[in-house]
>>> print(open('query_9.cif').read())   # mmCIF, C-alpha atoms and all ligand atoms
data_input
loop_
_atom_site.label_atom_id
_atom_site.label_comp_id
_atom_site.auth_asym_id
_atom_site.auth_seq_id
_atom_site.Cartn_x
_atom_site.Cartn_y
_atom_site.Cartn_z
CA MET A 1 86.92 131.94 332.06
CA SER A 2 85.16 128.73 332.92
CA VAL A 3 83.29 127.80 336.09
CA LYS A 4 86.36 125.99 337.42
CA ASP A 5 88.37 129.23 337.36
CA TYR A 6 86.09 130.61 340.08
CA ILE A 7 86.16 127.73 342.54
CA ARG A 8 88.64 126.13 344.90
CA GLU A 9 88.70 122.80 343.13
CA ARG A 10 90.65 121.15 345.93
CA PHE A 11 87.51 121.21 348.11
CA PHE A 12 85.38 119.33 345.57
CA PRO A 13 83.27 117.25 345.63
CA HIS A 14 81.64 119.66 348.08
CA MET A 15 80.06 118.71 351.42
CA TRP A 16 76.43 119.39 350.50
CA CYS A 17 74.01 116.46 350.27
CA PRO A 18 72.89 115.09 346.90
CA GLY A 19 70.43 117.56 345.37
CA CYS A 20 71.00 120.33 347.93
CA GLY A 21 69.83 123.64 346.47
CA HIS A 22 72.78 125.51 347.93
CA GLY A 23 74.91 124.09 345.11
CA VAL A 24 72.53 125.52 342.53
CA VAL A 25 72.99 128.95 344.13
CA LEU A 26 76.78 128.52 343.91
CA ASN A 27 76.45 127.56 340.26
CA ALA A 28 74.31 130.63 339.43
CA MET A 29 76.51 132.95 341.48
CA ILE A 30 79.59 131.97 339.49
CA ARG A 31 77.77 132.65 336.24
CA ALA A 32 76.57 136.01 337.57
CA VAL A 33 80.11 137.06 338.50
CA GLU A 34 81.42 135.81 335.16
CA SER A 35 78.81 137.83 333.27
CA LEU A 36 79.82 140.96 335.18
CA GLY A 37 83.42 140.46 334.09
CA MET A 38 84.60 141.22 337.62
CA SER A 39 88.04 140.17 338.73
CA LYS A 40 88.06 137.66 341.59
CA ASN A 41 90.09 140.18 343.61
CA GLU A 42 87.27 142.73 343.58
CA ILE A 43 84.91 140.43 345.47
CA VAL A 44 84.74 139.47 349.13
CA MET A 45 82.36 136.80 350.26
CA VAL A 46 81.50 136.87 353.94
CA SER A 47 79.41 134.15 355.53
CA GLY A 48 78.37 132.93 358.98
CA ILE A 49 77.65 129.33 359.95
CA GLY A 50 75.31 126.81 358.34
CA CYS A 51 75.32 124.50 355.33
CA SER A 52 74.60 127.62 353.26
CA ALA A 53 77.51 129.51 354.82
CA ARG A 54 79.92 126.87 353.53
CA ILE A 55 79.58 128.46 350.09
CA SER A 56 82.31 130.98 350.94
CA GLY A 57 84.86 128.16 351.17
CA TYR A 58 84.16 126.98 347.63
CA VAL A 59 84.61 130.26 345.73
CA ASP A 60 88.02 131.57 344.78
CA PHE A 61 87.26 135.16 345.88
CA HIS A 62 88.47 136.84 349.04
CA SER A 63 86.43 135.09 351.67
CA MET A 64 85.65 135.09 355.36
CA HIS A 65 83.82 132.31 357.14
CA THR A 66 82.75 133.95 360.40
CA ILE A 67 80.27 133.18 363.18
CA HIS A 68 76.62 132.26 363.14
CA GLY A 69 74.33 135.23 362.48
CA ARG A 70 77.11 137.84 362.43
CA ALA A 71 78.25 137.76 358.81
CA LEU A 72 76.67 141.16 358.13
CA ALA A 73 78.54 142.73 361.03
CA PHE A 74 81.89 141.44 359.68
CA ALA A 75 80.85 142.51 356.19
CA THR A 76 80.06 146.01 357.45
CA GLY A 77 83.58 146.32 358.83
CA ILE A 78 85.10 145.18 355.54
CA LYS A 79 82.94 147.51 353.47
CA MET A 80 83.62 150.53 355.68
CA SER A 81 87.36 150.04 355.47
CA ARG A 82 87.51 149.01 351.79
CA PRO A 83 84.40 150.49 350.12
CA GLU A 84 85.76 149.75 346.63
CA LEU A 85 85.26 145.99 347.16
CA ASN A 86 82.05 144.17 346.21
CA VAL A 87 80.78 142.46 349.32
CA ILE A 88 78.52 139.42 348.96
CA VAL A 89 76.96 137.89 352.07
CA PRO A 90 75.25 134.52 351.55
CA MET A 91 73.23 133.44 354.58
CA GLY A 92 70.94 130.65 355.69
CA ASP A 93 67.40 131.48 356.75
CA GLY A 94 68.31 130.74 360.37
CA ASP A 95 71.64 132.54 360.11
CA ALA A 96 70.02 135.66 358.57
CA LEU A 97 66.75 135.88 360.44
CA ALA A 98 66.87 133.89 363.68
CA ILE A 99 70.18 134.55 365.45
CA GLY A 100 71.19 137.21 362.89
CA GLY A 101 67.86 139.02 362.67
CA ASN A 102 69.03 142.15 364.42
CA HIS A 103 72.11 142.56 362.23
CA PHE A 104 69.93 142.01 359.20
CA LEU A 105 67.44 144.74 360.11
CA HIS A 106 70.08 147.33 360.83
CA ALA A 107 72.26 146.62 357.81
CA ALA A 108 69.12 147.14 355.71
CA ARG A 109 68.20 150.30 357.59
CA ARG A 110 71.65 151.81 357.01
CA ASN A 111 71.50 151.02 353.30
CA ILE A 112 75.12 149.93 353.27
CA GLU A 113 76.13 148.67 349.83
CA MET A 114 76.36 144.89 349.94
CA THR A 115 74.50 141.90 348.57
CA ALA A 116 72.67 139.74 351.10
CA ILE A 117 71.61 136.43 349.61
CA VAL A 118 69.25 134.50 351.87
CA MET A 119 69.39 130.82 350.93
CA ASN A 120 66.00 129.92 352.35
CA ASN A 121 65.46 126.20 352.82
CA ARG A 122 63.00 126.84 355.69
CA ILE A 123 65.04 124.77 358.15
CA TYR A 124 68.29 124.52 360.10
CA GLY A 125 70.04 122.11 357.76
CA MET A 126 73.44 121.94 359.40
CA THR A 127 72.26 121.05 362.90
CA GLY A 128 69.71 118.41 361.96
CA GLY A 129 66.44 119.90 360.79
CA GLN A 130 65.16 122.15 363.57
CA PHE A 131 62.47 124.66 362.51
CA SER A 132 63.56 128.19 361.63
CA PRO A 133 61.66 131.50 361.50
CA LEU A 134 61.01 130.69 357.85
CA SER A 135 59.62 127.17 358.28
CA GLY A 136 56.11 128.54 358.47
CA TYR A 137 52.92 127.44 360.17
CA ALA A 138 52.26 123.68 360.14
CA ALA A 139 55.64 122.73 358.69
CA ALA A 140 57.26 119.66 360.25
CA ALA A 141 60.79 119.71 361.66
CA SER A 142 62.84 117.64 364.11
CA THR A 143 61.74 120.10 366.83
CA ALA A 144 58.15 120.26 365.56
CA PRO A 145 57.17 116.65 364.84
CA TYR A 146 53.47 117.51 365.20
CA GLY A 147 53.67 120.64 363.06
CA ASN A 148 55.06 124.09 363.74
CA ILE A 149 52.81 126.62 365.51
CA ASP A 150 55.11 129.58 364.70
CA HIS A 151 54.24 131.78 361.76
CA GLY A 152 56.97 132.48 359.20
CA PHE A 153 58.45 135.78 358.10
CA ASP A 154 58.00 137.17 354.62
CA ILE A 155 61.64 138.05 353.89
CA ALA A 156 60.78 140.44 351.07
CA LYS A 157 58.29 142.47 353.12
CA LEU A 158 60.55 142.47 356.15
CA SER A 159 63.53 143.68 354.10
CA GLU A 160 61.51 146.42 352.48
CA ALA A 161 60.16 147.62 355.82
CA ALA A 162 63.66 147.62 357.31
CA GLY A 163 64.95 149.85 354.50
CA ALA A 164 66.65 147.60 351.93
CA THR A 165 66.74 149.44 348.60
CA PHE A 166 66.79 146.33 346.39
CA VAL A 167 64.59 143.36 347.28
CA ALA A 168 63.98 140.32 345.10
CA ARG A 169 63.05 136.64 345.29
CA THR A 170 63.55 133.61 343.09
CA THR A 171 64.14 129.86 343.36
CA THR A 172 66.69 127.21 342.42
CA TYR A 173 64.36 126.01 339.65
CA HIS A 174 64.52 129.41 337.90
CA VAL A 175 68.28 129.35 337.26
CA HIS A 176 68.45 132.03 334.57
CA GLU A 177 66.41 134.40 336.73
CA LEU A 178 68.61 133.44 339.68
CA SER A 179 71.89 134.41 338.04
CA ARG A 180 70.33 137.58 336.57
CA LEU A 181 69.01 138.67 339.98
CA ILE A 182 72.34 137.94 341.67
CA ARG A 183 73.98 140.16 339.06
CA ASP A 184 71.39 142.95 339.52
CA ALA A 185 71.74 142.72 343.29
CA ILE A 186 75.55 143.02 343.05
CA LEU A 187 75.24 146.04 340.76
CA HIS A 188 72.76 147.83 343.03
CA GLU A 189 74.29 150.74 344.97
CA GLY A 190 72.76 150.09 348.36
CA PHE A 191 71.72 147.19 350.59
CA SER A 192 70.27 144.48 348.39
CA VAL A 193 68.43 141.37 349.52
CA LEU A 194 67.83 138.39 347.30
CA GLU A 195 65.82 135.54 348.80
CA VAL A 196 66.38 132.23 347.06
CA LEU A 197 64.04 129.35 347.82
CA THR A 198 66.44 126.43 347.95
CA GLN A 199 65.70 122.78 348.68
CA CYS A 200 67.01 120.81 351.65
CA PRO A 201 65.86 117.34 350.60
CA THR A 202 67.62 115.75 353.58
CA TYR A 203 65.62 117.48 356.33
CA PHE A 204 62.88 119.79 355.08
CA GLY A 205 62.04 117.47 352.21
CA ARG A 206 62.01 114.35 354.35
CA TYR A 207 60.09 115.76 357.34
CA ASN A 208 57.50 117.39 355.11
CA ARG A 209 57.16 114.58 352.58
CA ALA A 210 58.07 117.11 349.90
CA GLY A 211 59.88 114.52 347.78
CA ASP A 212 63.41 114.41 346.45
CA ALA A 213 65.33 117.37 345.02
CA PRO A 214 63.75 117.30 341.54
CA GLU A 215 60.28 117.10 343.09
CA MET A 216 60.98 120.01 345.42
CA MET A 217 62.15 122.04 342.43
CA GLU A 218 58.94 121.09 340.59
CA THR A 219 57.08 122.67 343.49
CA TYR A 220 59.11 125.88 343.04
CA LYS A 221 58.13 125.82 339.38
CA ASN A 222 54.44 125.18 340.03
CA ARG A 223 53.82 127.16 343.21
CA THR A 224 55.52 130.47 342.32
CA VAL A 225 54.56 133.22 339.86
CA ALA A 226 56.19 136.32 338.42
CA VAL A 227 55.41 139.37 340.53
CA GLY A 228 52.25 141.14 339.38
CA SER A 229 50.82 138.02 337.71
CA GLU A 230 47.03 137.68 337.49
CA LYS A 231 47.30 134.08 338.70
CA LYS A 232 48.04 135.28 342.22
CA ASN A 233 44.52 136.77 342.46
CA GLN A 234 42.94 133.38 341.77
CA ASP A 235 45.40 131.45 343.93
CA PRO A 236 46.67 133.68 346.78
CA ASP A 237 48.99 130.96 348.15
CA LEU A 238 51.28 131.26 345.14
CA ILE A 239 54.65 132.81 346.04
CA GLU A 240 55.76 135.80 343.98
CA ARG A 241 59.16 135.97 342.30
CA GLY A 242 60.98 138.93 340.82
CA VAL A 243 62.05 142.39 341.96
CA PHE A 244 59.85 143.94 344.66
CA VAL A 245 61.89 147.05 345.49
CA LYS A 246 64.50 148.98 343.55
CA LYS A 247 65.11 152.55 344.64
CA GLU A 248 67.93 154.98 345.19
CA LEU A 249 68.70 156.33 348.64
CA PRO A 250 71.95 157.72 350.09
CA GLU A 251 74.40 154.88 350.66
CA TYR A 252 76.09 154.49 354.05
CA CYS A 253 79.80 154.44 353.07
CA ARG A 254 79.38 157.39 350.72
CA GLU A 255 77.58 159.36 353.45
CA TYR A 256 80.34 158.55 355.91
CA GLU A 257 82.94 159.72 353.40
CA LYS A 258 81.07 163.03 353.04
CA VAL A 259 81.08 163.62 356.78
CA ILE A 260 84.84 163.10 356.88
CA GLU A 261 85.53 165.34 353.89
CA LYS A 262 83.38 168.16 355.18
CA ASN A 263 84.94 168.15 358.62
CA GLN A 264 88.51 167.81 357.41
CA GLN A 265 87.98 170.94 355.29
CA LYS A 266 86.74 172.82 358.34
CA GLN A 267 89.84 171.94 360.31
CA THR A 268 92.36 173.02 357.62
CA MET B 1 70.48 132.80 316.75
CA ALA B 2 72.79 130.21 315.26
CA LYS B 3 71.85 126.63 315.98
CA LYS B 4 74.09 124.77 318.36
CA LYS B 5 75.31 121.24 318.02
CA LEU B 6 76.58 119.01 320.79
CA LYS B 7 80.27 118.21 320.92
CA ALA B 8 80.31 116.42 324.27
CA HIS B 9 78.92 116.21 327.77
CA HIS B 10 81.76 116.42 330.27
CA ILE B 11 80.68 114.75 333.49
CA GLU B 12 82.94 114.86 336.52
CA ARG B 13 82.19 111.39 337.81
CA THR B 14 83.77 111.95 341.22
CA TRP B 15 81.66 115.09 341.78
CA CYS B 16 78.27 113.81 340.59
CA LYS B 17 76.10 112.65 343.51
CA GLY B 18 73.31 111.15 341.45
CA CYS B 19 70.64 113.58 342.61
CA GLY B 20 68.80 113.21 339.31
CA ILE B 21 68.10 116.93 338.80
CA CYS B 22 69.74 116.99 335.36
CA VAL B 23 67.93 113.80 334.34
CA HIS B 24 64.53 115.03 335.54
CA PHE B 25 64.63 118.47 333.93
CA CYS B 26 66.33 117.70 330.60
CA PRO B 27 63.70 118.67 328.01
CA LYS B 28 64.83 115.86 325.66
CA GLN B 29 65.43 112.98 328.09
CA VAL B 30 69.08 112.85 327.05
CA LEU B 31 70.50 111.97 330.45
CA ALA B 32 70.15 108.98 332.76
CA LEU B 33 71.83 107.57 335.86
CA ASP B 34 74.09 104.56 335.37
CA GLU B 35 74.44 101.52 337.65
CA HIS B 36 76.72 103.54 339.95
CA ASN B 37 74.08 106.29 340.22
CA ILE B 38 76.13 108.73 338.14
CA ALA B 39 74.74 110.82 335.30
CA TYR B 40 75.61 109.91 331.70
CA PRO B 41 74.30 110.90 328.28
CA ALA B 42 72.08 107.97 327.31
CA ASP B 43 70.77 109.62 324.14
CA PRO B 44 73.29 112.32 323.13
CA GLU B 45 71.81 112.67 319.62
CA ALA B 46 68.68 114.21 321.13
CA CYS B 47 70.57 116.96 322.98
CA ILE B 48 69.61 120.50 321.92
CA CYS B 49 72.48 122.18 323.82
CA CYS B 50 70.18 124.21 326.06
CA ARG B 51 72.69 123.66 328.92
CA MET B 52 69.94 123.56 331.54
CA CYS B 53 71.52 120.40 333.00
CA GLU B 54 74.78 122.30 333.47
CA TYR B 55 73.06 125.33 335.06
CA ARG B 56 70.91 123.27 337.46
CA CYS B 57 73.57 120.83 338.64
CA PRO B 58 74.23 121.56 342.33
CA ASP B 59 77.62 119.85 342.14
CA LEU B 60 79.06 121.68 339.11
CA ALA B 61 79.58 118.18 337.75
CA ILE B 62 78.31 118.58 334.20
CA GLU B 63 79.48 120.77 331.35
CA VAL B 64 77.95 120.75 327.90
CA GLU B 65 80.34 121.52 325.08
CA CYS B 66 78.62 122.81 321.96
CA GLN B 67 79.62 124.18 318.60
CA GLU B 68 77.79 126.70 316.41
CA THR B 69 76.55 125.20 313.17
C1 LIG C 1 76.24 131.11 368.25
C2 LIG C 1 75.82 129.80 367.63
N1 LIG C 1 74.60 129.29 367.95
C3 LIG C 1 74.21 128.14 367.39
C4 LIG C 1 75.02 127.46 366.52
C5 LIG C 1 74.56 126.15 365.93
N2 LIG C 1 74.15 126.29 364.55
C6 LIG C 1 75.00 126.04 363.53
S1 LIG C 1 74.30 126.25 362.01
C7 LIG C 1 72.80 126.63 362.72
C8 LIG C 1 71.58 126.94 361.88
C9 LIG C 1 71.74 126.64 360.45
O1 LIG C 1 70.56 126.96 359.76
P1 LIG C 1 70.56 127.98 358.55
O2 LIG C 1 71.20 129.24 358.93
O3 LIG C 1 69.16 128.08 358.03
O4 LIG C 1 71.53 127.30 357.47
P2 LIG C 1 71.37 125.93 356.66
O5 LIG C 1 72.23 124.94 357.34
O6 LIG C 1 69.93 125.54 356.67
O7 LIG C 1 71.85 126.26 355.28
C10 LIG C 1 72.87 126.61 364.11
C11 LIG C 1 71.74 126.89 365.01
C12 LIG C 1 76.28 128.04 366.22
N3 LIG C 1 77.12 127.45 365.34
N4 LIG C 1 76.65 129.19 366.79
S1 LIG C 2 71.35 119.12 355.36
FE1 LIG C 2 70.01 120.17 353.88
S2 LIG C 2 70.93 122.20 353.65
FE2 LIG C 2 72.50 120.89 354.59
S3 LIG C 2 73.70 120.09 352.84
FE3 LIG C 2 72.10 118.59 353.31
S4 LIG C 2 70.42 119.13 351.93
FE4 LIG C 2 71.78 120.91 352.04
S1 LIG C 3 72.50 117.24 338.48
FE1 LIG C 3 74.74 117.01 338.73
S2 LIG C 3 75.04 115.85 340.63
FE2 LIG C 3 72.87 115.63 340.04
S3 LIG C 3 72.83 113.72 338.84
FE3 LIG C 3 73.10 115.41 337.37
S4 LIG C 3 75.33 115.61 337.11
FE4 LIG C 3 74.99 114.36 338.95
S1 LIG C 4 72.01 120.52 327.20
FE1 LIG C 4 69.77 120.52 327.43
S2 LIG C 4 69.09 118.92 326.03
FE2 LIG C 4 71.28 118.61 326.30
S3 LIG C 4 71.44 117.13 327.96
FE3 LIG C 4 71.55 119.16 328.90
S4 LIG C 4 69.43 119.65 329.48
FE4 LIG C 4 69.36 117.94 328.02
MG MG C 5 68.32 126.92 356.52
#
>>> encode(input="query_9.cif", output="structure tokens")
Amino acid sequence: MSVKDYIRERFFPHMWCPGCGHGVVLNAMIRAVESLGMSKNEIVMVSGIGCSARISGYVDFHSMHTIHGRALAFATGIKMSRPELNVIVPMGDGDALAIGGNHFLHAARRNIEMTAIVMNNRIYGMTGGQFSPLSGYAAAASTAPYGNIDHGFDIAKLSEAAGATFVARTTTYHVHELSRLIRDAILHEGFSVLEVLTQCPTYFGRYNRAGDAPEMMETYKNRTVAVGSEKKNQDPDLIERGVFVKKELPEYCREYEKVIEKNQQKQT
Amino acid sequence: MAKKKLKAHHIERTWCKGCGICVHFCPKQVLALDEHNIAYPADPEACICCRMCEYRCPDLAIEVECQET
């Protein structure tokens, strides 16, 4: 199949700004699904609200475009009732970790099998460039014209501490790694988190004088390293990419199924 | 690995937003933006069919058709 077989062509050209990294994530996600040979009917994409969340409208899978911060709660309901489906939950950094932070922590803690993709542009794109919990100290935003005094989360560390059993990070520059990690995250039998550093040239780029889309992607190339690289020792500000956590723990839907089976046997 | 040869760049002109990502990252400077700010293959002979332009395009606007030689 070709890329166009996986999208709802009638909604193209899409609504994202020129050079928006969210489109690169869409591109890599389609190639990941294609490489898995999955049928479009086996996949449900559930998203909340944000520029990032609009991705669910562009793919020709089952899809649900829900409410801001609550995509994981809807996804949990879908997965519990139809555990055979592959559930993918793309989220913005604000969607996942500001308003949706509590859902995020507890979905990770339960280790429910689904793929959370955090499209981290370090800003609220959709509403006009307000700072998010991922903007980080000193970043500029429409609500922090003199520089942000909040410190940012480290999504990978937070996910690991909350109990996610697959945790990885990459960027929109590293497109082969991106589609490979999306595939690995989908295949993982547990709660998987993939953070993707993705450029918002319109707000984050403009407020922070980070340049246009190609320049922002150059920064991803130059300011990240593969996890475990020696370079990080010399330059601690480099951001690590790759897989941080991959472990097996009992998965939520399978555990639930066991409880039902065991107790039905008792009753008969 | 068999060497690949370019057949054609297919560029969806109504989808391309002229962001310049494909132009900037092409290893062989094959692509450029035209007077309407839309990508086109300015030097197709130089293309090595790596398809990085296709993979990095946020608008799914470019497809590189290659043949094995
Ligand atoms: C309950 C609720 N609160 C606030 C909003 C307004 N709102 C819409 S999108 C958004 C944040 C978007 O930022 P992010 O999740 O990072 O996505 P991005 O647009 O950057 O991809 C906010 C606050 C809303 N739609 N619903
Ligand atoms: S505002 Fe930012 S995140 Fe939203 S579409 Fe534009 S570039 Fe993308
Ligand atoms: S990357 Fe895509 S949208 Fe951007 S200029 Fe190239 S073809 Fe056009
Ligand atoms: S396939 Fe590679 S060499 Fe050819 S135009 Fe695209 S990026 Fe350039
Ligand atoms: Mg955001």
>>> interface_residues(input="query_9.cif", of="chain A", to="chain B", cutoff="6 Å", atoms="only C-alpha atoms", output="ChimeraX atom specification")
/A:13,18-19,23-24,214
>>> residues_near_point(input="query_9.cif", point="(83.3, 118.4, 324.7)", cutoff="9 Å", atoms="all atoms listed in the file", output="short mmCIF file (atom, residue, chain, number, x, y, z; two decimals) with C-alpha atoms, in the coordinates of the input")
data_model
loop_
_atom_site.label_atom_id
_atom_site.label_comp_id
_atom_site.auth_asym_id
_atom_site.auth_seq_id
_atom_site.Cartn_x
_atom_site.Cartn_y
_atom_site.Cartn_z
CA LEU B 6 76.58 119.01 320.79
CA LYS B 7 80.27 118.21 320.92
CA ALA B 8 80.31 116.42 324.27
CA HIS B 9 78.92 116.21 327.77
CA HIS B 10 81.76 116.42 330.27
CA GLU B 63 79.48 120.77 331.35
CA VAL B 64 77.95 120.75 327.90
CA GLU B 65 80.34 121.52 325.08
CA CYS B 66 78.62 122.81 321.96
#
>>> residues_around(input="query_9.cif", residues="range 47-55 of chain A", least_positions_apart="4", cutoff="9 Å", atoms="only C-alpha atoms", output="PyMOL selection string")
chain A and resi 15-16+22-23+25-26+59+63-72+74-75+88-96+118-120+124-127
>>> closest_residue(input="query_9.cif", among="A:Ala156, A:Ile149, A:Ala213, A:Ala168", to="ligand LIG 2 (chain C)", atoms="all atoms listed in the file")
A:Ala213
>>> axis_aligned_box(input="query_9.cif", around="range 53-58 of chain B", padding_each_side="5 Å", output="JSON")
{"center_x": 72.8, "center_y": 122.9, "center_z": 337.7, "size_x": 13.9, "size_y": 14.9, "size_z": 19.3}
>>> closest_residue(input="query_9.cif", among="A:Ala107, A:Met216, A:Leu238, A:Val193", to="ligand LIG 2 (chain C)", atoms="all atoms listed in the file")
A:Met216
>>> residues_around(input="query_9.cif", residues="Leu249 in chain A", least_positions_apart="3", cutoff="12 Å", atoms="all atoms listed in the file", output="PyMOL selection string")
chain A and resi 108-113+163-166+188-192+245-246+252+254-255
>>> atom_distance(input="query_9.cif", atom1="CA of Val196 in chain A", atom2="CA of Pro41 in chain B")
29.5 Å
>>> residues_around(input="query_9.cif", residues="range 30-34 of chain B", least_positions_apart="6", cutoff="6 Å", atoms="only C-alpha atoms", output="list in words")
Val23, Tyr40, Pro41, Ala42, Asp43, Pro44 and Cys47 of chain B
>>> closest_residue(input="query_9.cif", among="B:Lys3, B:Ile48, B:Ile11, B:Lys28", to="ligand LIG 3 (chain C)", atoms="all atoms listed in the file")
B:Ile11
>>> closest_residue(input="query_9.cif", among="A:Tyr146, A:Phe204, A:Phe12, A:Tyr6", to="ligand LIG 3 (chain C)", atoms="only C-alpha atoms and all ligand atoms")
A:Phe12
>>> closest_residue(input="query_9.cif", among="A:Thr171, A:Asn208, A:Asn27, A:Asn263", to="Ser135 in chain A", atoms="all atoms listed in the file")
A:Asn208
>>> build_atoms(input="query_9.cif", residues="range 4-26 of chain A", atoms="N, CA and C atoms", output="PDB file, keeping the file's coordinate frame")
ATOM      1  N   LYS A   4      85.286 126.501 336.546  1.00  0.00           N
ATOM      2  CA  LYS A   4      86.360 125.990 337.420  1.00  0.00           C
ATOM      3  C   LYS A   4      87.392 127.052 337.788  1.00  0.00           C
ATOM      4  N   ASP A   5      87.439 128.143 337.018  1.00  0.00           N
ATOM      5  CA  ASP A   5      88.370 129.230 337.360  1.00  0.00           C
ATOM      6  C   ASP A   5      87.895 130.027 338.570  1.00  0.00           C
ATOM      7  N   TYR A   6      86.643 129.842 338.970  1.00  0.00           N
ATOM      8  CA  TYR A   6      86.090 130.610 340.080  1.00  0.00           C
ATOM      9  C   TYR A   6      85.959 129.814 341.370  1.00  0.00           C
ATOM     10  N   ILE A   7      86.338 128.554 341.331  1.00  0.00           N
ATOM     11  CA  ILE A   7      86.160 127.730 342.540  1.00  0.00           C
ATOM     12  C   ILE A   7      87.493 127.207 343.068  1.00  0.00           C
ATOM     13  N   ARG A   8      87.468 126.780 344.314  1.00  0.00           N
ATOM     14  CA  ARG A   8      88.640 126.130 344.900  1.00  0.00           C
ATOM     15  C   ARG A   8      88.451 124.630 344.703  1.00  0.00           C
ATOM     16  N   GLU A   9      88.948 124.181 343.556  1.00  0.00           N
ATOM     17  CA  GLU A   9      88.700 122.800 343.130  1.00  0.00           C
ATOM     18  C   GLU A   9      89.129 121.763 344.155  1.00  0.00           C
ATOM     19  N   ARG A  10      90.136 122.139 344.980  1.00  0.00           N
ATOM     20  CA  ARG A  10      90.650 121.150 345.930  1.00  0.00           C
ATOM     21  C   ARG A  10      89.607 120.741 346.968  1.00  0.00           C
ATOM     22  N   PHE A  11      88.541 121.558 347.123  1.00  0.00           N
ATOM     23  CA  PHE A  11      87.510 121.210 348.110  1.00  0.00           C
ATOM     24  C   PHE A  11      86.321 120.457 347.493  1.00  0.00           C
ATOM     25  N   PHE A  12      86.455 120.065 346.225  1.00  0.00           N
ATOM     26  CA  PHE A  12      85.380 119.330 345.570  1.00  0.00           C
ATOM     27  C   PHE A  12      85.708 117.849 345.516  1.00  0.00           C
ATOM     28  N   PRO A  13      84.701 116.978 345.533  1.00  0.00           N
ATOM     29  CA  PRO A  13      83.270 117.250 345.630  1.00  0.00           C
ATOM     30  C   PRO A  13      82.932 117.959 346.951  1.00  0.00           C
ATOM     31  N   HIS A  14      81.965 118.873 346.896  1.00  0.00           N
ATOM     32  CA  HIS A  14      81.640 119.660 348.080  1.00  0.00           C
ATOM     33  C   HIS A  14      80.861 118.852 349.120  1.00  0.00           C
ATOM     34  N   MET A  15      80.630 119.466 350.309  1.00  0.00           N
ATOM     35  CA  MET A  15      80.060 118.710 351.420  1.00  0.00           C
ATOM     36  C   MET A  15      78.530 118.623 351.399  1.00  0.00           C
ATOM     37  N   TRP A  16      77.888 119.378 350.482  1.00  0.00           N
ATOM     38  CA  TRP A  16      76.430 119.390 350.500  1.00  0.00           C
ATOM     39  C   TRP A  16      75.845 118.048 350.066  1.00  0.00           C
ATOM     40  N   CYS A  17      74.682 117.725 350.595  1.00  0.00           N
ATOM     41  CA  CYS A  17      74.010 116.460 350.270  1.00  0.00           C
ATOM     42  C   CYS A  17      73.637 116.404 348.789  1.00  0.00           C
ATOM     43  N   PRO A  18      73.385 115.196 348.280  1.00  0.00           N
ATOM     44  CA  PRO A  18      72.890 115.090 346.900  1.00  0.00           C
ATOM     45  C   PRO A  18      71.621 115.937 346.714  1.00  0.00           C
ATOM     46  N   GLY A  19      71.619 116.769 345.695  1.00  0.00           N
ATOM     47  CA  GLY A  19      70.430 117.560 345.370  1.00  0.00           C
ATOM     48  C   GLY A  19      70.230 118.805 346.197  1.00  0.00           C
ATOM     49  N   CYS A  20      71.152 119.131 347.093  1.00  0.00           N
ATOM     50  CA  CYS A  20      71.000 120.330 347.930  1.00  0.00           C
ATOM     51  C   CYS A  20      70.975 121.590 347.054  1.00  0.00           C
ATOM     52  N   GLY A  21      69.982 122.430 347.284  1.00  0.00           N
ATOM     53  CA  GLY A  21      69.830 123.640 346.470  1.00  0.00           C
ATOM     54  C   GLY A  21      70.953 124.640 346.631  1.00  0.00           C
ATOM     55  N   HIS A  22      71.689 124.548 347.724  1.00  0.00           N
ATOM     56  CA  HIS A  22      72.780 125.510 347.930  1.00  0.00           C
ATOM     57  C   HIS A  22      73.804 125.442 346.785  1.00  0.00           C
ATOM     58  N   GLY A  23      73.990 124.248 346.241  1.00  0.00           N
ATOM     59  CA  GLY A  23      74.910 124.090 345.110  1.00  0.00           C
ATOM     60  C   GLY A  23      74.412 124.792 343.861  1.00  0.00           C
ATOM     61  N   VAL A  24      73.093 124.822 343.691  1.00  0.00           N
ATOM     62  CA  VAL A  24      72.530 125.520 342.530  1.00  0.00           C
ATOM     63  C   VAL A  24      72.769 127.030 342.659  1.00  0.00           C
ATOM     64  N   VAL A  25      72.703 127.527 343.891  1.00  0.00           N
ATOM     65  CA  VAL A  25      72.990 128.950 344.130  1.00  0.00           C
ATOM     66  C   VAL A  25      74.456 129.238 343.804  1.00  0.00           C
ATOM     67  N   LEU A  26      75.354 128.363 344.236  1.00  0.00           N
ATOM     68  CA  LEU A  26      76.780 128.520 343.910  1.00  0.00           C
ATOM     69  C   LEU A  26      76.982 128.575 342.398  1.00  0.00           C
TER      70      LEU A  26
END
